[in-house]
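What follows is one structure encoded as structure tokens, with my remarks underneath.
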Amino acid sequence: MTVRIGVEEEFHLVELETGLLVPRADTVLEKLPGPTFTTELQQATVESNSGVHTSLDGLHGDIVGTRRRLDAAVTAHGLAAVAAGTVPLASTADIHPTAGRRYRRMVDEYRMVADEQLICGTHIHVDAPVRDLAVRMMCEVSPWLHVLLALSASSPFWLGADTGYASWRTMLWQRWPTAGPVGCFADAAEYDAAVQGLIDSGVISDAGMIYYDIRPSAHQQTLELRICDACPRAETVVLLAGLFRALATEARERLERAQVPACKGRHEWLRAASWRAARSGLEGTLVDPCTGHEAPAAQVVRALLERVRPALEAAGDWQTVRDLAEEAIEDGSAADRMRRTAAAEDLLACTDLAIAETRGDAGRPRRSAAGLTGRVTSLRRPAQDAPGSRPARIAGN
């Protein structure tokens, strides 16, 4: 069975000349088609929804085409779109929440948590038609999700200051009452009962406010990854999608073969592992899920590759994902690239880098062609818009 994938990307809107975050989503969206493009809680953010794809090539073409359409729309207003967890130059003084009863309730209830929701993420969906299985898959893949966070880390700056973190977005995001690692549930009924309990408590208003690192969709037959920062490079999104699909496939196959022991519920280390990934990105150590000890990030990324290699090979993704992962290790995280640019120049230059990478026109050195496959090379060329039906937007922020 071919497991299909889709992606939701969130983008900051900034003034092209100043790099400052601006609340112009409604204006930009007037010229863009829905549901491909839509609003988020804050007017400084626009979300895109990809089509449904079976191949990483198709997904990449879709992402590039969607970003191209967004870029044309924002440029017409003197703006730029930035796919990153946070942007360096922002202020909470000019907060403009999106109109609507649901968003107004969130702003009134959560106050500064909602006011400072000036962050963007990448959400990846994979097919999970059996809901009971999807719920159990969460437990199986959760120990590796912090590695995907490290690969995506792109938010070292907050309100003009260097936070010392690779993903400050993670620190801000975890303030929501349902954000972070998910517990283990025996089946969908148990999970749904837990969600309803949170709604009944009054802490959240609906199932769309379940912000776990991973969750089964309430409206589609998918499993959704939510831990990652928005990614300046489209290739990083493809890498994350390939790895997440492989993790989900490997977990589903083991569950179907009944080769998974009952969970002992010892997941207290997952939040610590996410903190470490948010702090260090690819430039420090990560928690190795196999040992529970810290290890160099490159070593842990390669351990993940080996774990899911059979699933990657079965999908025809091994060469592409391996080479993109090695390139990520070599180039460093987006957070590190942004930080180096800011140190060499300033925060506006850092913003310019993120804009250029989001557009796909940032010049950057590459490894020799001998180490790359034709498929990876094809991912870097401008692609035509890929066909594919558009999924309905999952209820979220």
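How things are named: the first chain in the structure tokens is A, the next is B, and so on; residues count from 1 in each chain; ligands count from 1 in the order shown.
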Set the distance at 10 Å and use only C-alpha atoms: which residues neighbour Ser91 of chain A once local chain neighbours fewer than 3 positions away are removed? I'd like the list as a ChimeraX atom specification. /A:20-22,88,94-95,116,118,158-160
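When the distance limit is 6 Å and only C-alpha atoms are what count, the residues near segment 4-17 of chain A, minus those fewer than 6 positions from it on the same chain, are A:Ala44, A:Thr45, A:Val46, A:Glu47, A:Ser48, A:Asn49, A:Ser50, A:Val52, A:His53, A:Thr54, A:Gly78, A:Leu79, A:Ala80, A:Ala81, A:Val82, A:Ala83, A:Cys120, A:Gly121, A:Thr122, A:His123, A:Ile124, A:His125, A:Val126, A:Asp127.
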Please compute the atom CA of Arg359 of chain A-atom CA of Phe157 of chain A distance, one decimal, in Å.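 For atom CA of Arg359 of chain A relative to atom CA of Phe157 of chain A, the distance reads 20.4 Å.
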List every residue of segment 134-359 of chain A that DSSP, applied to the backbone, labels as strand (DSSP E), and write the result as JSON, numbers by chain. {"A": [157, 158, 161, 162, 214, 215, 216, 222, 223, 224, 225, 226, 227, 228, 229, 285, 286, 287, 294, 295, 296]}
Restricting the output to N, CA, C and O atoms, write the selected residues as a PDB file, in the first residue's frame.
```pdb
ATOM      1  N   PHE A 157      15.959  33.503  17.015  1.00  0.00           N
ATOM      2  CA  PHE A 157      15.756  34.887  17.452  1.00  0.00           C
ATOM      3  C   PHE A 157      14.308  35.129  17.866  1.00  0.00           C
ATOM      4  O   PHE A 157      13.382  34.557  17.301  1.00  0.00           O
ATOM      5  N   TRP A 158      14.141  36.001  18.856  1.00  0.00           N
ATOM      6  CA  TRP A 158      12.796  36.373  19.314  1.00  0.00           C
ATOM      7  C   TRP A 158      12.803  37.839  19.701  1.00  0.00           C
ATOM      8  O   TRP A 158      13.571  38.265  20.566  1.00  0.00           O
ATOM      9  N   ALA A 161      16.229  39.539  19.697  1.00  0.00           N
ATOM     10  CA  ALA A 161      17.291  39.019  20.568  1.00  0.00           C
ATOM     11  C   ALA A 161      17.613  37.566  20.216  1.00  0.00           C
ATOM     12  O   ALA A 161      16.735  36.803  19.818  1.00  0.00           O
ATOM     13  N   ASP A 162      18.876  37.208  20.392  1.00  0.00           N
ATOM     14  CA  ASP A 162      19.294  35.818  20.225  1.00  0.00           C
ATOM     15  C   ASP A 162      18.928  35.057  21.496  1.00  0.00           C
ATOM     16  O   ASP A 162      19.388  35.380  22.591  1.00  0.00           O
ATOM     17  N   ILE A 214       2.186  15.029  18.018  1.00  0.00           N
ATOM     18  CA  ILE A 214       1.613  14.172  16.986  1.00  0.00           C
ATOM     19  C   ILE A 214       0.186  13.861  17.397  1.00  0.00           C
ATOM     20  O   ILE A 214      -0.107  13.733  18.590  1.00  0.00           O
ATOM     21  N   ARG A 215      -0.716  13.776  16.414  1.00  0.00           N
ATOM     22  CA  ARG A 215      -2.114  13.515  16.756  1.00  0.00           C
ATOM     23  C   ARG A 215      -2.833  12.882  15.556  1.00  0.00           C
ATOM     24  O   ARG A 215      -2.450  13.135  14.408  1.00  0.00           O
ATOM     25  N   PRO A 216      -3.852  12.072  15.813  1.00  0.00           N
ATOM     26  CA  PRO A 216      -4.703  11.620  14.713  1.00  0.00           C
ATOM     27  C   PRO A 216      -5.649  12.756  14.342  1.00  0.00           C
ATOM     28  O   PRO A 216      -6.167  13.451  15.225  1.00  0.00           O
ATOM     29  N   THR A 222      -5.768  10.569   8.765  1.00  0.00           N
ATOM     30  CA  THR A 222      -4.327  10.802   8.741  1.00  0.00           C
ATOM     31  C   THR A 222      -3.776  10.872  10.158  1.00  0.00           C
ATOM     32  O   THR A 222      -4.495  11.112  11.124  1.00  0.00           O
ATOM     33  N   LEU A 223      -2.464  10.705  10.235  1.00  0.00           N
ATOM     34  CA  LEU A 223      -1.698  10.963  11.443  1.00  0.00           C
ATOM     35  C   LEU A 223      -0.889  12.219  11.158  1.00  0.00           C
ATOM     36  O   LEU A 223      -0.224  12.314  10.122  1.00  0.00           O
ATOM     37  N   GLU A 224      -0.939  13.190  12.075  1.00  0.00           N
ATOM     38  CA  GLU A 224      -0.353  14.503  11.819  1.00  0.00           C
ATOM     39  C   GLU A 224       0.826  14.782  12.739  1.00  0.00           C
ATOM     40  O   GLU A 224       0.714  14.707  13.965  1.00  0.00           O
ATOM     41  N   LEU A 225       1.964  15.133  12.136  1.00  0.00           N
ATOM     42  CA  LEU A 225       3.159  15.550  12.863  1.00  0.00           C
ATOM     43  C   LEU A 225       3.113  17.056  13.043  1.00  0.00           C
ATOM     44  O   LEU A 225       2.927  17.799  12.090  1.00  0.00           O
ATOM     45  N   ARG A 226       3.311  17.533  14.297  1.00  0.00           N
ATOM     46  CA  ARG A 226       3.164  18.958  14.588  1.00  0.00           C
ATOM     47  C   ARG A 226       4.367  19.553  15.326  1.00  0.00           C
ATOM     48  O   ARG A 226       4.345  20.725  15.712  1.00  0.00           O
ATOM     49  N   ILE A 227       5.424  18.796  15.522  1.00  0.00           N
ATOM     50  CA  ILE A 227       6.523  19.247  16.372  1.00  0.00           C
ATOM     51  C   ILE A 227       7.485  20.195  15.673  1.00  0.00           C
ATOM     52  O   ILE A 227       8.217  20.928  16.327  1.00  0.00           O
ATOM     53  N   CYS A 228       7.478  20.258  14.352  1.00  0.00           N
ATOM     54  CA  CYS A 228       8.548  20.919  13.611  1.00  0.00           C
ATOM     55  C   CYS A 228       8.329  22.415  13.406  1.00  0.00           C
ATOM     56  O   CYS A 228       7.200  22.876  13.234  1.00  0.00           O
ATOM     57  N   ASP A 229       9.445  23.148  13.378  1.00  0.00           N
ATOM     58  CA  ASP A 229       9.434  24.544  12.951  1.00  0.00           C
ATOM     59  C   ASP A 229       9.080  24.613  11.468  1.00  0.00           C
ATOM     60  O   ASP A 229       9.270  23.643  10.725  1.00  0.00           O
ATOM     61  N   THR A 285      24.221  18.069  20.918  1.00  0.00           N
ATOM     62  CA  THR A 285      23.856  16.678  21.143  1.00  0.00           C
ATOM     63  C   THR A 285      22.339  16.521  21.154  1.00  0.00           C
ATOM     64  O   THR A 285      21.600  17.481  21.375  1.00  0.00           O
ATOM     65  N   LEU A 286      21.900  15.299  20.901  1.00  0.00           N
ATOM     66  CA  LEU A 286      20.494  14.927  21.017  1.00  0.00           C
ATOM     67  C   LEU A 286      20.404  13.706  21.915  1.00  0.00           C
ATOM     68  O   LEU A 286      21.402  13.000  22.126  1.00  0.00           O
ATOM     69  N   VAL A 287      19.221  13.437  22.434  1.00  0.00           N
ATOM     70  CA  VAL A 287      19.008  12.221  23.198  1.00  0.00           C
ATOM     71  C   VAL A 287      18.836  11.064  22.211  1.00  0.00           C
ATOM     72  O   VAL A 287      17.989  11.120  21.317  1.00  0.00           O
ATOM     73  N   GLU A 294      22.841  11.128  25.797  1.00  0.00           N
ATOM     74  CA  GLU A 294      23.114  12.110  24.767  1.00  0.00           C
ATOM     75  C   GLU A 294      24.175  11.582  23.803  1.00  0.00           C
ATOM     76  O   GLU A 294      25.047  10.794  24.179  1.00  0.00           O
ATOM     77  N   ALA A 295      24.073  12.037  22.566  1.00  0.00           N
ATOM     78  CA  ALA A 295      25.008  11.653  21.522  1.00  0.00           C
ATOM     79  C   ALA A 295      25.051  12.772  20.499  1.00  0.00           C
ATOM     80  O   ALA A 295      24.111  13.579  20.409  1.00  0.00           O
ATOM     81  N   PRO A 296      26.117  12.868  19.705  1.00  0.00           N
ATOM     82  CA  PRO A 296      26.169  13.909  18.678  1.00  0.00           C
ATOM     83  C   PRO A 296      24.960  13.831  17.757  1.00  0.00           C
ATOM     84  O   PRO A 296      24.493  12.745  17.404  1.00  0.00           O
TER      85      PRO A 296
END
```
Val195 of chain A proximity check over A:Gly360, A:Gly34, A:Gly208, A:Pro97, using only C-alpha atoms: winner is A:Gly208
Rank A:Asp200, A:Asp331, A:Asp26, A:Asp71 by their smallest atom-to-atom distance to Ala356 of chain A, using only C-alpha atoms, and report the top residue only.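 Once distances to Ala356 of chain A are computed over only C-alpha atoms, the minimum belongs to A:Asp71.
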